[in-house]
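Raw input.pdb, PDB, C-alpha atoms, pLDDT in the B column:
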ATOM      1  CA  MET F   1    -172.469 -85.740 -27.966  1.00 86.00           C
ATOM      2  CA  ASN F   2    -171.960 -84.780 -31.621  1.00 94.00           C
ATOM      3  CA  VAL F   3    -170.208 -81.609 -32.778  1.00 97.00           C
ATOM      4  CA  LEU F   4    -173.441 -79.705 -33.500  1.00 97.00           C
ATOM      5  CA  ALA F   5    -174.702 -80.485 -29.995  1.00 96.00           C
ATOM      6  CA  GLU F   6    -171.376 -79.322 -28.522  1.00 97.00           C
ATOM      7  CA  PHE F   7    -171.670 -76.044 -30.456  1.00 97.00           C
ATOM      8  CA  HIS F   8    -175.265 -75.694 -29.258  1.00 97.00           C
ATOM      9  CA  LEU F   9    -174.141 -76.342 -25.673  1.00 97.00           C
ATOM     10  CA  ALA F  10    -171.217 -73.902 -25.917  1.00 98.00           C
ATOM     11  CA  SER F  11    -173.633 -71.223 -27.115  1.00 98.00           C
ATOM     12  CA  GLN F  12    -175.609 -71.550 -23.882  1.00 98.00           C
ATOM     13  CA  TYR F  13    -172.710 -70.168 -21.832  1.00 98.00           C
ATOM     14  CA  LEU F  14    -172.929 -67.002 -23.924  1.00 98.00           C
ATOM     15  CA  ALA F  15    -176.700 -66.826 -23.632  1.00 98.00           C
ATOM     16  CA  MET F  16    -176.511 -67.153 -19.871  1.00 98.00           C
ATOM     17  CA  ALA F  17    -173.954 -64.333 -19.745  1.00 98.00           C
ATOM     18  CA  GLY F  18    -176.579 -62.143 -21.387  1.00 98.00           C
ATOM     19  CA  LYS F  19    -179.198 -63.382 -18.943  1.00 98.00           C
ATOM     20  CA  SER F  20    -176.892 -62.850 -15.949  1.00 98.00           C
ATOM     21  CA  PHE F  21    -175.407 -59.455 -16.762  1.00 98.00           C
ATOM     22  CA  LEU F  22    -177.858 -57.566 -19.011  1.00 97.00           C
ATOM     23  CA  GLU F  23    -181.246 -56.012 -18.425  1.00 96.00           C
ATOM     24  CA  ALA F  24    -183.943 -58.537 -19.318  1.00 95.00           C
ATOM     25  CA  LYS F  25    -186.006 -57.952 -22.484  1.00 95.00           C
ATOM     26  CA  ASP F  26    -189.538 -59.291 -22.901  1.00 93.00           C
ATOM     27  CA  ASP F  27    -188.575 -61.029 -26.159  1.00 92.00           C
ATOM     28  CA  ASP F  28    -185.481 -62.610 -24.572  1.00 94.00           C
ATOM     29  CA  SER F  29    -183.237 -60.747 -27.025  1.00 96.00           C
ATOM     30  CA  HIS F  30    -180.723 -59.955 -24.278  1.00 97.00           C
ATOM     31  CA  THR F  31    -179.683 -63.616 -24.564  1.00 97.00           C
ATOM     32  CA  ASN F  32    -179.301 -63.762 -28.348  1.00 98.00           C
ATOM     33  CA  LEU F  33    -175.930 -63.703 -30.113  1.00 98.00           C
ATOM     34  CA  GLY F  34    -174.211 -62.069 -33.061  1.00 98.00           C
ATOM     35  CA  PHE F  35    -172.034 -63.757 -35.673  1.00 98.00           C
ATOM     36  CA  PHE F  36    -168.804 -62.005 -36.651  1.00 98.00           C
ATOM     37  CA  LYS F  37    -167.326 -63.153 -39.933  1.00 96.00           C
ATOM     38  CA  GLU F  38    -164.105 -61.182 -39.467  1.00 96.00           C
ATOM     39  CA  ASP F  39    -162.871 -63.602 -36.779  1.00 96.00           C
ATOM     40  CA  ASN F  40    -165.366 -66.491 -37.039  1.00 98.00           C
ATOM     41  CA  THR F  41    -166.945 -65.969 -33.638  1.00 98.00           C
ATOM     42  CA  ILE F  42    -170.369 -65.695 -32.136  1.00 98.00           C
ATOM     43  CA  ARG F  43    -170.626 -63.105 -29.374  1.00 98.00           C
ATOM     44  CA  THR F  44    -172.929 -61.748 -26.706  1.00 98.00           C
ATOM     45  CA  TRP F  45    -174.089 -58.161 -26.705  1.00 98.00           C
ATOM     46  CA  SER F  46    -171.661 -55.868 -24.857  1.00 97.00           C
ATOM     47  CA  LEU F  47    -171.832 -56.870 -21.220  1.00 97.00           C
ATOM     48  CA  ASP F  48    -170.641 -53.559 -19.766  1.00 95.00           C
ATOM     49  CA  ASN F  49    -169.806 -49.995 -20.769  1.00 93.00           C
ATOM     50  CA  SER F  50    -166.309 -51.060 -21.875  1.00 94.00           C
ATOM     51  CA  GLY F  51    -167.571 -53.293 -24.679  1.00 96.00           C
ATOM     52  CA  THR F  52    -166.727 -56.540 -22.895  1.00 97.00           C
ATOM     53  CA  TYR F  53    -168.233 -59.646 -24.463  1.00 98.00           C
ATOM     54  CA  LEU F  54    -168.133 -63.419 -24.192  1.00 98.00           C
ATOM     55  CA  ALA F  55    -167.526 -65.206 -27.493  1.00 98.00           C
ATOM     56  CA  PHE F  56    -167.208 -68.663 -28.971  1.00 98.00           C
ATOM     57  CA  SER F  57    -164.466 -69.103 -31.572  1.00 98.00           C
ATOM     58  CA  PHE F  58    -165.022 -71.659 -34.326  1.00 98.00           C
ATOM     59  CA  ASP F  59    -161.343 -71.492 -35.268  1.00 97.00           C
ATOM     60  CA  SER F  60    -159.965 -72.407 -31.853  1.00 97.00           C
ATOM     61  CA  PHE F  61    -162.975 -74.191 -30.301  1.00 98.00           C
ATOM     62  CA  ALA F  62    -162.616 -71.869 -27.347  1.00 98.00           C
ATOM     63  CA  LEU F  63    -164.488 -69.278 -25.366  1.00 98.00           C
ATOM     64  CA  GLN F  64    -163.112 -65.749 -25.419  1.00 98.00           C
ATOM     65  CA  TRP F  65    -163.639 -63.007 -22.852  1.00 98.00           C
ATOM     66  CA  GLY F  66    -162.659 -59.405 -23.427  1.00 95.00           C
ATOM     67  CA  THR F  67    -162.981 -56.599 -25.942  1.00 95.00           C
ATOM     68  CA  ASP F  68    -161.939 -56.056 -29.548  1.00 91.00           C
ATOM     69  CA  GLU F  69    -158.625 -54.707 -28.234  1.00 92.00           C
ATOM     70  CA  ALA F  70    -157.758 -57.475 -25.763  1.00 93.00           C
ATOM     71  CA  LYS F  71    -159.246 -60.857 -24.971  1.00 95.00           C
ATOM     72  CA  VAL F  72    -158.458 -64.029 -23.045  1.00 97.00           C
ATOM     73  CA  SER F  73    -159.172 -67.486 -24.507  1.00 98.00           C
ATOM     74  CA  PHE F  74    -160.316 -70.629 -22.746  1.00 98.00           C
ATOM     75  CA  ALA F  75    -160.030 -73.839 -24.808  1.00 98.00           C
ATOM     76  CA  LEU F  76    -163.135 -76.017 -24.427  1.00 98.00           C
ATOM     77  CA  LYS F  77    -161.649 -79.394 -25.342  1.00 97.00           C
ATOM     78  CA  GLY F  78    -161.246 -81.453 -22.166  1.00 97.00           C
ATOM     79  CA  LYS F  79    -163.157 -78.930 -20.024  1.00 97.00           C
ATOM     80  CA  SER F  80    -166.192 -79.710 -17.902  1.00 95.00           C
ATOM     81  CA  HIS F  81    -169.268 -77.627 -17.142  1.00 95.00           C
ATOM     82  CA  ALA F  82    -167.836 -76.719 -13.719  1.00 94.00           C
ATOM     83  CA  ASP F  83    -164.522 -75.635 -15.304  1.00 96.00           C
ATOM     84  CA  ILE F  84    -166.338 -73.302 -17.697  1.00 97.00           C
ATOM     85  CA  ILE F  85    -168.630 -71.785 -15.055  1.00 97.00           C
ATOM     86  CA  SER F  86    -165.618 -71.115 -12.835  1.00 97.00           C
ATOM     87  CA  TRP F  87    -163.651 -69.422 -15.642  1.00 98.00           C
ATOM     88  CA  ILE F  88    -166.503 -67.177 -16.774  1.00 98.00           C
ATOM     89  CA  SER F  89    -167.179 -66.169 -13.161  1.00 98.00           C
ATOM     90  CA  LYS F  90    -163.521 -65.231 -12.658  1.00 98.00           C
ATOM     91  CA  MET F  91    -163.484 -63.220 -15.904  1.00 98.00           C
ATOM     92  CA  ALA F  92    -166.589 -61.293 -14.861  1.00 97.00           C
ATOM     93  CA  VAL F  93    -165.053 -60.431 -11.483  1.00 97.00           C
ATOM     94  CA  ALA F  94    -161.819 -59.337 -13.198  1.00 96.00           C
ATOM     95  CA  SER F  95    -163.867 -57.050 -15.456  1.00 96.00           C
ATOM     96  CA  LYS F  96    -165.563 -55.564 -12.364  1.00 96.00           C
ATOM     97  CA  ILE F  97    -169.011 -56.801 -13.368  1.00 96.00           C
ATOM     98  CA  ASP F  98    -170.861 -56.782 -10.058  1.00 93.00           C
ATOM     99  CA  LYS F  99    -173.559 -59.315 -10.946  1.00 96.00           C
ATOM    100  CA  PRO F 100    -172.892 -63.039 -10.465  1.00 97.00           C
ATOM    101  CA  TYR F 101    -172.768 -65.407 -13.435  1.00 98.00           C
ATOM    102  CA  ASN F 102    -175.681 -67.821 -13.154  1.00 97.00           C
ATOM    103  CA  TYR F 103    -176.101 -70.724 -15.562  1.00 96.00           C
ATOM    104  CA  ASP F 104    -179.873 -71.094 -15.361  1.00 93.00           C
ATOM    105  CA  LEU F 105    -181.521 -72.167 -18.610  1.00 94.00           C
ATOM    106  CA  HIS F 106    -185.186 -71.162 -18.923  1.00 93.00           C
ATOM    107  CA  TYR F 107    -185.845 -73.516 -21.848  1.00 92.00           C
ATOM    108  CA  ASP F 108    -185.165 -77.121 -22.792  1.00 91.00           C
ATOM    109  CA  LEU F 109    -182.420 -78.114 -25.214  1.00 91.00           C
ATOM    110  CA  PRO F 110    -182.849 -80.861 -27.849  1.00 89.00           C
ATOM    111  CA  PHE F 111    -180.324 -83.109 -26.103  1.00 88.00           C
ATOM    112  CA  ASN F 112    -179.639 -84.282 -22.581  1.00 82.00           C
ATOM    113  CA  GLN F 113    -177.329 -81.938 -20.716  1.00 80.00           C
ATOM    114  CA  ASN F 114    -175.039 -83.571 -18.191  1.00 83.00           C
ATOM    115  CA  ASP F 115    -173.095 -81.357 -15.786  1.00 84.00           C
ATOM    116  CA  ASN F 116    -170.270 -83.916 -15.837  1.00 87.00           C
ATOM    117  CA  TYR F 117    -169.924 -83.781 -19.609  1.00 92.00           C
ATOM    118  CA  VAL F 118    -166.455 -82.933 -20.941  1.00 96.00           C
ATOM    119  CA  PHE F 119    -166.111 -81.230 -24.337  1.00 97.00           C
ATOM    120  CA  GLU F 120    -164.179 -83.341 -26.830  1.00 95.00           C
ATOM    121  CA  LEU F 121    -164.558 -81.923 -30.390  1.00 94.00           C
ATOM    122  CA  SER F 122    -164.583 -85.273 -32.150  1.00 90.00           C
ATOM    123  CA  ASP F 123    -164.383 -83.854 -35.686  1.00 95.00           C
ATOM    124  CA  LYS F 124    -162.869 -80.443 -36.539  1.00 96.00           C
ATOM    125  CA  GLU F 125    -164.068 -80.741 -40.149  1.00 97.00           C
ATOM    126  CA  ILE F 126    -167.679 -80.866 -39.007  1.00 97.00           C
ATOM    127  CA  LEU F 127    -167.115 -77.738 -36.916  1.00 98.00           C
ATOM    128  CA  ASN F 128    -165.734 -75.990 -39.990  1.00 97.00           C
ATOM    129  CA  ASN F 129    -168.812 -77.075 -41.950  1.00 97.00           C
ATOM    130  CA  LEU F 130    -170.997 -75.536 -39.250  1.00 98.00           C
ATOM    131  CA  LEU F 131    -168.980 -72.331 -39.581  1.00 98.00           C
ATOM    132  CA  GLN F 132    -169.489 -72.255 -43.361  1.00 98.00           C
ATOM    133  CA  LEU F 133    -173.254 -72.612 -42.859  1.00 98.00           C
ATOM    134  CA  ARG F 134    -173.274 -69.641 -40.472  1.00 98.00           C
ATOM    135  CA  ILE F 135    -171.307 -67.575 -42.988  1.00 98.00           C
ATOM    136  CA  LEU F 136    -173.779 -68.529 -45.718  1.00 98.00           C
ATOM    137  CA  ALA F 137    -176.779 -67.655 -43.543  1.00 98.00           C
ATOM    138  CA  GLN F 138    -175.299 -64.323 -42.425  1.00 98.00           C
ATOM    139  CA  ASP F 139    -174.431 -63.304 -45.985  1.00 98.00           C
ATOM    140  CA  VAL F 140    -177.780 -64.385 -47.464  1.00 98.00           C
ATOM    141  CA  LEU F 141    -179.837 -62.522 -44.858  1.00 98.00           C
ATOM    142  CA  LYS F 142    -177.696 -59.392 -45.068  1.00 98.00           C
ATOM    143  CA  ILE F 143    -177.871 -59.279 -48.876  1.00 98.00           C
ATOM    144  CA  PHE F 144    -181.619 -59.943 -48.878  1.00 98.00           C
ATOM    145  CA  LEU F 145    -182.393 -57.236 -46.299  1.00 98.00           C
ATOM    146  CA  ASN F 146    -180.249 -54.688 -48.127  1.00 97.00           C
ATOM    147  CA  LYS F 147    -181.817 -55.524 -51.488  1.00 96.00           C
ATOM    148  CA  GLN F 148    -185.359 -55.213 -50.145  1.00 94.00           C
ATOM    149  CA  LYS F 149    -184.474 -52.122 -48.056  1.00 94.00           C
ATOM    150  CA  LEU F 150    -185.626 -53.866 -44.876  1.00 94.00           C
ATOM    151  CA  GLU F 151    -184.236 -53.404 -41.379  1.00 94.00           C
ATOM    152  CA  SER F 152    -183.593 -56.196 -38.910  1.00 96.00           C
ATOM    153  CA  ASP F 153    -180.849 -57.399 -36.636  1.00 96.00           C
ATOM    154  CA  ILE F 154    -179.429 -60.748 -37.734  1.00 98.00           C
ATOM    155  CA  ARG F 155    -179.013 -62.766 -34.568  1.00 98.00           C
ATOM    156  CA  ILE F 156    -178.538 -66.322 -33.369  1.00 98.00           C
ATOM    157  CA  TRP F 157    -181.239 -67.374 -30.925  1.00 97.00           C
ATOM    158  CA  PRO F 158    -179.596 -69.830 -28.516  1.00 96.00           C
ATOM    159  CA  HIS F 159    -182.677 -71.906 -27.698  1.00 96.00           C
ATOM    160  CA  HIS F 160    -183.184 -73.200 -31.266  1.00 95.00           C
ATOM    161  CA  LEU F 161    -179.757 -72.048 -32.537  1.00 97.00           C
ATOM    162  CA  ASP F 162    -181.250 -70.438 -35.645  1.00 97.00           C
ATOM    163  CA  THR F 163    -179.687 -67.467 -37.400  1.00 98.00           C
ATOM    164  CA  GLY F 164    -182.731 -65.267 -37.873  1.00 97.00           C
ATOM    165  CA  ALA F 165    -184.147 -61.930 -38.954  1.00 98.00           C
ATOM    166  CA  PHE F 166    -187.607 -60.502 -38.302  1.00 97.00           C
ATOM    167  CA  PHE F 167    -189.327 -57.382 -39.573  1.00 95.00           C
ATOM    168  CA  VAL F 168    -192.747 -55.760 -39.801  1.00 93.00           C
ATOM    169  CA  LEU F 169    -193.781 -54.680 -43.290  1.00 90.00           C
ATOM    170  CA  LYS F 170    -194.179 -50.930 -43.755  1.00 83.00           C
ATOM    171  CA  ASP F 171    -197.261 -51.218 -45.987  1.00 83.00           C
ATOM    172  CA  ASP F 172    -199.909 -50.863 -43.257  1.00 82.00           C
ATOM    173  CA  SER F 173    -200.908 -54.510 -43.812  1.00 85.00           C
ATOM    174  CA  GLY F 174    -200.020 -55.543 -40.284  1.00 87.00           C
ATOM    175  CA  LYS F 175    -197.932 -58.383 -41.689  1.00 92.00           C
ATOM    176  CA  SER F 176    -194.520 -59.416 -40.407  1.00 96.00           C
ATOM    177  CA  ILE F 177    -191.932 -61.837 -41.741  1.00 97.00           C
ATOM    178  CA  GLY F 178    -189.485 -64.143 -40.006  1.00 97.00           C
ATOM    179  CA  MET F 179    -186.649 -65.796 -41.902  1.00 98.00           C
ATOM    180  CA  GLY F 180    -183.329 -67.436 -41.311  1.00 98.00           C
ATOM    181  CA  MET F 181    -181.485 -70.731 -41.092  1.00 98.00           C
ATOM    182  CA  ALA F 182    -182.367 -73.435 -38.563  1.00 98.00           C
ATOM    183  CA  ILE F 183    -180.543 -76.552 -37.391  1.00 97.00           C
ATOM    184  CA  PRO F 184    -181.922 -80.060 -38.063  1.00 96.00           C
ATOM    185  CA  ASP F 185    -185.188 -80.725 -36.250  1.00 94.00           C
ATOM    186  CA  SER F 186    -188.518 -82.531 -36.713  1.00 91.00           C
ATOM    187  CA  LEU F 187    -189.129 -80.734 -40.015  1.00 92.00           C
ATOM    188  CA  ILE F 188    -185.986 -81.921 -41.781  1.00 94.00           C
ATOM    189  CA  ASP F 189    -182.761 -83.719 -40.884  1.00 95.00           C
ATOM    190  CA  ASP F 190    -180.550 -80.947 -42.249  1.00 97.00           C
ATOM    191  CA  HIS F 191    -179.818 -77.304 -41.622  1.00 98.00           C
ATOM    192  CA  TYR F 192    -182.394 -75.368 -43.600  1.00 98.00           C
ATOM    193  CA  PHE F 193    -183.409 -71.887 -44.648  1.00 98.00           C
ATOM    194  CA  TYR F 194    -186.927 -70.881 -43.647  1.00 98.00           C
ATOM    195  CA  ILE F 195    -189.370 -68.026 -44.142  1.00 98.00           C
ATOM    196  CA  SER F 196    -192.781 -67.551 -42.564  1.00 97.00           C
ATOM    197  CA  GLY F 197    -195.340 -64.764 -42.500  1.00 96.00           C
ATOM    198  CA  TYR F 198    -197.627 -63.483 -39.760  1.00 95.00           C
ATOM    199  CA  LYS F 199    -200.522 -61.128 -39.269  1.00 92.00           C
ATOM    200  CA  GLY F 200    -200.572 -60.204 -35.641  1.00 86.00           C
ATOM    201  CA  HIS F 201    -199.854 -63.459 -33.803  1.00 87.00           C
ATOM    202  CA  ASN F 202    -201.386 -65.652 -36.497  1.00 92.00           C
ATOM    203  CA  SER F 203    -199.320 -67.496 -39.110  1.00 94.00           C
ATOM    204  CA  LEU F 204    -200.274 -66.779 -42.726  1.00 94.00           C
ATOM    205  CA  ASN F 205    -201.532 -69.794 -44.653  1.00 92.00           C
ATOM    206  CA  PRO F 206    -199.352 -70.659 -47.683  1.00 93.00           C
ATOM    207  CA  ASP F 207    -201.735 -73.262 -49.174  1.00 91.00           C
ATOM    208  CA  ASN F 208    -202.525 -71.227 -52.286  1.00 90.00           C
ATOM    209  CA  PHE F 209    -198.979 -70.033 -52.952  1.00 95.00           C
ATOM    210  CA  SER F 210    -197.156 -70.947 -56.148  1.00 95.00           C
ATOM    211  CA  LYS F 211    -194.474 -73.624 -56.231  1.00 96.00           C
ATOM    212  CA  LEU F 212    -190.962 -72.353 -55.496  1.00 97.00           C
ATOM    213  CA  THR F 213    -187.955 -72.847 -57.786  1.00 97.00           C
ATOM    214  CA  HIS F 214    -185.968 -74.018 -54.754  1.00 97.00           C
ATOM    215  CA  GLY F 215    -187.466 -75.338 -51.531  1.00 97.00           C
ATOM    216  CA  GLU F 216    -191.072 -76.061 -50.682  1.00 96.00           C
ATOM    217  CA  TRP F 217    -194.060 -74.735 -48.758  1.00 97.00           C
ATOM    218  CA  LYS F 218    -195.125 -76.406 -45.514  1.00 95.00           C
ATOM    219  CA  ASN F 219    -198.472 -76.113 -43.732  1.00 93.00           C
ATOM    220  CA  ASN F 220    -198.425 -78.781 -41.063  1.00 88.00           C
ATOM    221  CA  GLY F 221    -197.331 -77.304 -37.752  1.00 88.00           C
ATOM    222  CA  PHE F 222    -194.856 -74.914 -39.336  1.00 94.00           C
ATOM    223  CA  LYS F 223    -196.524 -72.625 -41.884  1.00 96.00           C
ATOM    224  CA  GLY F 224    -193.986 -71.299 -44.337  1.00 97.00           C
ATOM    225  CA  ALA F 225    -191.276 -72.399 -46.744  1.00 98.00           C
ATOM    226  CA  ILE F 226    -188.076 -74.348 -46.164  1.00 98.00           C
ATOM    227  CA  LEU F 227    -184.956 -75.052 -48.205  1.00 98.00           C
ATOM    228  CA  PRO F 228    -182.256 -77.552 -47.103  1.00 97.00           C
ATOM    229  CA  SER F 229    -178.936 -75.726 -46.645  1.00 95.00           C
ATOM    230  CA  SER F 230    -176.646 -78.574 -47.706  1.00 89.00           C
ATOM    231  CA  ASN F 231    -175.319 -78.065 -51.247  1.00 91.00           C
ATOM    232  CA  THR F 232    -177.333 -74.840 -51.528  1.00 96.00           C
ATOM    233  CA  THR F 233    -175.582 -71.833 -53.045  1.00 97.00           C
ATOM    234  CA  GLN F 234    -175.947 -68.242 -51.950  1.00 98.00           C
ATOM    235  CA  LYS F 235    -177.766 -67.510 -55.221  1.00 98.00           C
ATOM    236  CA  GLN F 236    -180.272 -70.332 -54.676  1.00 98.00           C
ATOM    237  CA  ALA F 237    -180.964 -69.292 -51.071  1.00 98.00           C
ATOM    238  CA  LEU F 238    -181.544 -65.681 -52.135  1.00 98.00           C
ATOM    239  CA  GLN F 239    -183.903 -66.788 -54.909  1.00 98.00           C
ATOM    240  CA  PHE F 240    -185.793 -68.928 -52.380  1.00 98.00           C
ATOM    241  CA  LEU F 241    -186.281 -66.022 -49.968  1.00 98.00           C
ATOM    242  CA  ASP F 242    -187.124 -63.567 -52.752  1.00 97.00           C
ATOM    243  CA  GLU F 243    -189.798 -65.769 -54.349  1.00 97.00           C
ATOM    244  CA  ALA F 244    -191.417 -66.645 -51.035  1.00 97.00           C
ATOM    245  CA  PHE F 245    -191.286 -63.068 -49.738  1.00 96.00           C
ATOM    246  CA  HIS F 246    -193.041 -61.658 -52.788  1.00 94.00           C
ATOM    247  CA  GLN F 247    -195.842 -64.167 -52.407  1.00 95.00           C
ATOM    248  CA  TYR F 248    -196.371 -62.965 -48.849  1.00 94.00           C
ATOM    249  CA  LEU F 249    -196.490 -59.389 -50.135  1.00 88.00           C
ATOM    250  CA  GLY F 250    -199.297 -60.321 -52.529  1.00 81.00           C
ATOM    251  CA  ILE F 251    -201.808 -61.655 -50.014  1.00 68.00           C
ATOM    252  CA  ASN F 252    -204.168 -59.774 -47.712  1.00 55.00           C
TER
END
For this file, write the structure as C-alpha cells.
Amino acid sequence: MNVLAEFHLASQYLAMAGKSFLEAKDDDSHTNLGFFKEDNTIRTWSLDNSGTYLAFSFDSFALQWGTDEAKVSFALKGKSHADIISWISKMAVASKIDKPYNYDLHYDLPFNQNDNYVFELSDKEILNNLLQLRILAQDVLKIFLNKQKLESDIRIWPHHLDTGAFFVLKDDSGKSIGMGMAIPDSLIDDHYFYISGYKGHNSLNPDNFSKLTHGEWKNNGFKGAILPSSNTTQKQALQFLDEAFHQYLGIN
C-alpha cells in the first residue's frame, strides 16, 4: 500500500470515532475532519464535553488521543488494524466515553482494505509532500473565503479524502458552490483543486464559460473546473478559484 493509501486508511480511524461517539448528521459531517496547521494534524470534532479528539499526526506518523492540554500518541508504523482498534477503544474507556468504538465503514475506499495489513510508511518524504498539499489547500480556501466574504467550514471528508468548502450564495439565485482539493482519481492522476456549481441538486453546465488562465473546465461526469496541485502556487490556485467563481456568479 502506498503512502497516500496509508494516510487515507489512517483517516478512517478518525472518521469512525466520529461515527461511533457523535450524534449522526444527515450529511455525514460528524465523520469529517479538520486540519490544524499549528501542529500538522488532522482531527475529529470534539468527542466529548472535555474537548477530547482523535488525531493523525503527519510529523510522527501516529494517532493522538487527548486534548490540546494533554495527549497520548500511538505510532502507526508496524501496527495492525487490530492493534489500532484496541488502542482507540482503551483510550475511549479511559476518557469515560460510554459508547463503544466501532470500525464500520459505510462507504467503499479506493483500495482493498485488509484487516491483517500492517502500516509501514515506506517513504517519509512522500508523507511530507502530502502535508504540504494539505497546507496549501487549507490556506487557499481560507484566503478565498475571507476575500469573497463567504462562510464555510473547511473540512476533510474521509470517504474521498478531499479538503473541501461548500456555501450557498446569498443572492437569492438558489446557487451553491463546492470547492477544494481532491486526491488522484479517474479525473486526473494528481491531487487537484476543483470548483463546481449547483442549483438545487443539479450541477451547473460550464460549457459556455470562458477559458481559465490556470486549469480547465470539465463537463463529462464531473461538471466544473480542475487544476492539478503539483507545482501550483498559492497565487495560481487563488486565481483559478476566483476566475471560475465569478463565471458561476454571472449565469442564471
Can you list, as a PDB file with C-alpha atoms, in the frame of the given file, every protein, DNA or RNA residue that comes within 10 Å of range 174-187 of chain F when you count only C-alpha atoms, leaving out same-chain residues fewer than 5 positions away?
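What follows is the written file out-v1.pdb:
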ATOM      1  CA  LEU F   4    -173.441 -79.705 -33.500  1.00 97.00           C
ATOM      2  CA  HIS F   8    -175.265 -75.694 -29.258  1.00 97.00           C
ATOM      3  CA  PRO F 110    -182.849 -80.861 -27.849  1.00 89.00           C
ATOM      4  CA  LEU F 130    -170.997 -75.536 -39.250  1.00 98.00           C
ATOM      5  CA  LEU F 133    -173.254 -72.612 -42.859  1.00 98.00           C
ATOM      6  CA  ARG F 134    -173.274 -69.641 -40.472  1.00 98.00           C
ATOM      7  CA  LEU F 136    -173.779 -68.529 -45.718  1.00 98.00           C
ATOM      8  CA  ALA F 137    -176.779 -67.655 -43.543  1.00 98.00           C
ATOM      9  CA  GLN F 138    -175.299 -64.323 -42.425  1.00 98.00           C
ATOM     10  CA  VAL F 140    -177.780 -64.385 -47.464  1.00 98.00           C
ATOM     11  CA  LEU F 141    -179.837 -62.522 -44.858  1.00 98.00           C
ATOM     12  CA  SER F 152    -183.593 -56.196 -38.910  1.00 96.00           C
ATOM     13  CA  ILE F 154    -179.429 -60.748 -37.734  1.00 98.00           C
ATOM     14  CA  ARG F 155    -179.013 -62.766 -34.568  1.00 98.00           C
ATOM     15  CA  ILE F 156    -178.538 -66.322 -33.369  1.00 98.00           C
ATOM     16  CA  TRP F 157    -181.239 -67.374 -30.925  1.00 97.00           C
ATOM     17  CA  HIS F 160    -183.184 -73.200 -31.266  1.00 95.00           C
ATOM     18  CA  LEU F 161    -179.757 -72.048 -32.537  1.00 97.00           C
ATOM     19  CA  ASP F 162    -181.250 -70.438 -35.645  1.00 97.00           C
ATOM     20  CA  THR F 163    -179.687 -67.467 -37.400  1.00 98.00           C
ATOM     21  CA  GLY F 164    -182.731 -65.267 -37.873  1.00 97.00           C
ATOM     22  CA  ALA F 165    -184.147 -61.930 -38.954  1.00 98.00           C
ATOM     23  CA  PHE F 166    -187.607 -60.502 -38.302  1.00 97.00           C
ATOM     24  CA  PHE F 167    -189.327 -57.382 -39.573  1.00 95.00           C
ATOM     25  CA  VAL F 168    -192.747 -55.760 -39.801  1.00 93.00           C
ATOM     26  CA  LEU F 169    -193.781 -54.680 -43.290  1.00 90.00           C
ATOM     27  CA  TYR F 192    -182.394 -75.368 -43.600  1.00 98.00           C
ATOM     28  CA  PHE F 193    -183.409 -71.887 -44.648  1.00 98.00           C
ATOM     29  CA  TYR F 194    -186.927 -70.881 -43.647  1.00 98.00           C
ATOM     30  CA  ILE F 195    -189.370 -68.026 -44.142  1.00 98.00           C
ATOM     31  CA  SER F 196    -192.781 -67.551 -42.564  1.00 97.00           C
ATOM     32  CA  GLY F 197    -195.340 -64.764 -42.500  1.00 96.00           C
ATOM     33  CA  TYR F 198    -197.627 -63.483 -39.760  1.00 95.00           C
ATOM     34  CA  LYS F 199    -200.522 -61.128 -39.269  1.00 92.00           C
ATOM     35  CA  GLY F 200    -200.572 -60.204 -35.641  1.00 86.00           C
ATOM     36  CA  HIS F 201    -199.854 -63.459 -33.803  1.00 87.00           C
ATOM     37  CA  ASN F 202    -201.386 -65.652 -36.497  1.00 92.00           C
ATOM     38  CA  SER F 203    -199.320 -67.496 -39.110  1.00 94.00           C
ATOM     39  CA  LEU F 204    -200.274 -66.779 -42.726  1.00 94.00           C
ATOM     40  CA  LYS F 218    -195.125 -76.406 -45.514  1.00 95.00           C
ATOM     41  CA  ASN F 220    -198.425 -78.781 -41.063  1.00 88.00           C
ATOM     42  CA  GLY F 221    -197.331 -77.304 -37.752  1.00 88.00           C
ATOM     43  CA  PHE F 222    -194.856 -74.914 -39.336  1.00 94.00           C
ATOM     44  CA  GLY F 224    -193.986 -71.299 -44.337  1.00 97.00           C
ATOM     45  CA  ALA F 225    -191.276 -72.399 -46.744  1.00 98.00           C
ATOM     46  CA  ILE F 226    -188.076 -74.348 -46.164  1.00 98.00           C
ATOM     47  CA  LEU F 227    -184.956 -75.052 -48.205  1.00 98.00           C
ATOM     48  CA  PRO F 228    -182.256 -77.552 -47.103  1.00 97.00           C
ATOM     49  CA  SER F 229    -178.936 -75.726 -46.645  1.00 95.00           C
ATOM     50  CA  LEU F 241    -186.281 -66.022 -49.968  1.00 98.00           C
ATOM     51  CA  PHE F 245    -191.286 -63.068 -49.738  1.00 96.00           C
ATOM     52  CA  TYR F 248    -196.371 -62.965 -48.849  1.00 94.00           C
ATOM     53  CA  LEU F 249    -196.490 -59.389 -50.135  1.00 88.00           C
ATOM     54  CA  ILE F 251    -201.808 -61.655 -50.014  1.00 68.00           C
ATOM     55  CA  ASN F 252    -204.168 -59.774 -47.712  1.00 55.00           C
TER      56      ASN F 252
END
| query | Suppose you want the space between CA of Gln132 in chain F and CA of Lys211 in chain F; what is it in Å? | reply | 28.1 Å
| message | Assuming the chain letters and numbering stay as they are in my file, what does the PyMOL selection byres ((chain F and resi 55) around 7) actually select? List them as number ranges by chain. | response | F: 14, 41-44, 53-54, 56-57, 63-65
| task | Carefully work through the PyMOL selection byres ((chain F and resi 81-96) around 9) for this structure and note down the residues it includes, as a ChimeraX atom specification. | result | /F:13,17,48,52,54,63,65-66,72,74,76,79-80,97-103,114-119
| Expressed in Å to a single decimal, how great is the separation between CA of Ile143 in chain F and CA of Gln234 in chain F? |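 Between these atoms lies a distance of 9.7 Å.
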| query | Which residues match the PyMOL selection byres ((chain F and resi 29) around 12) in the file above, as a ChimeraX atom specification? | reply | /F:15-16,18-19,22-28,30-34,44-45,153-159,164
| request: Determine, counting only C-alpha atoms, every residue of protein, DNA or RNA that lies within 9 Å of (-157.4, -77.5, -26.4) in the file coordinates, then give the result as a VMD selection string. | output: chain F and resid 60 to 62 74 to 79 120
| task | Enter the distance from CA of Lys235 in chain F to CA of Thr213 in chain F, in Å, rounded to one decimal. | result | 11.8 Å
| query | Do you know which residues are at most 8 Å from His214 in chain F counting all atoms listed in the file, after dropping those on the same chain fewer than 4 positions away, and could you put them as a PyMOL selection string? | reply | chain F and resi 227+236-237+239-240
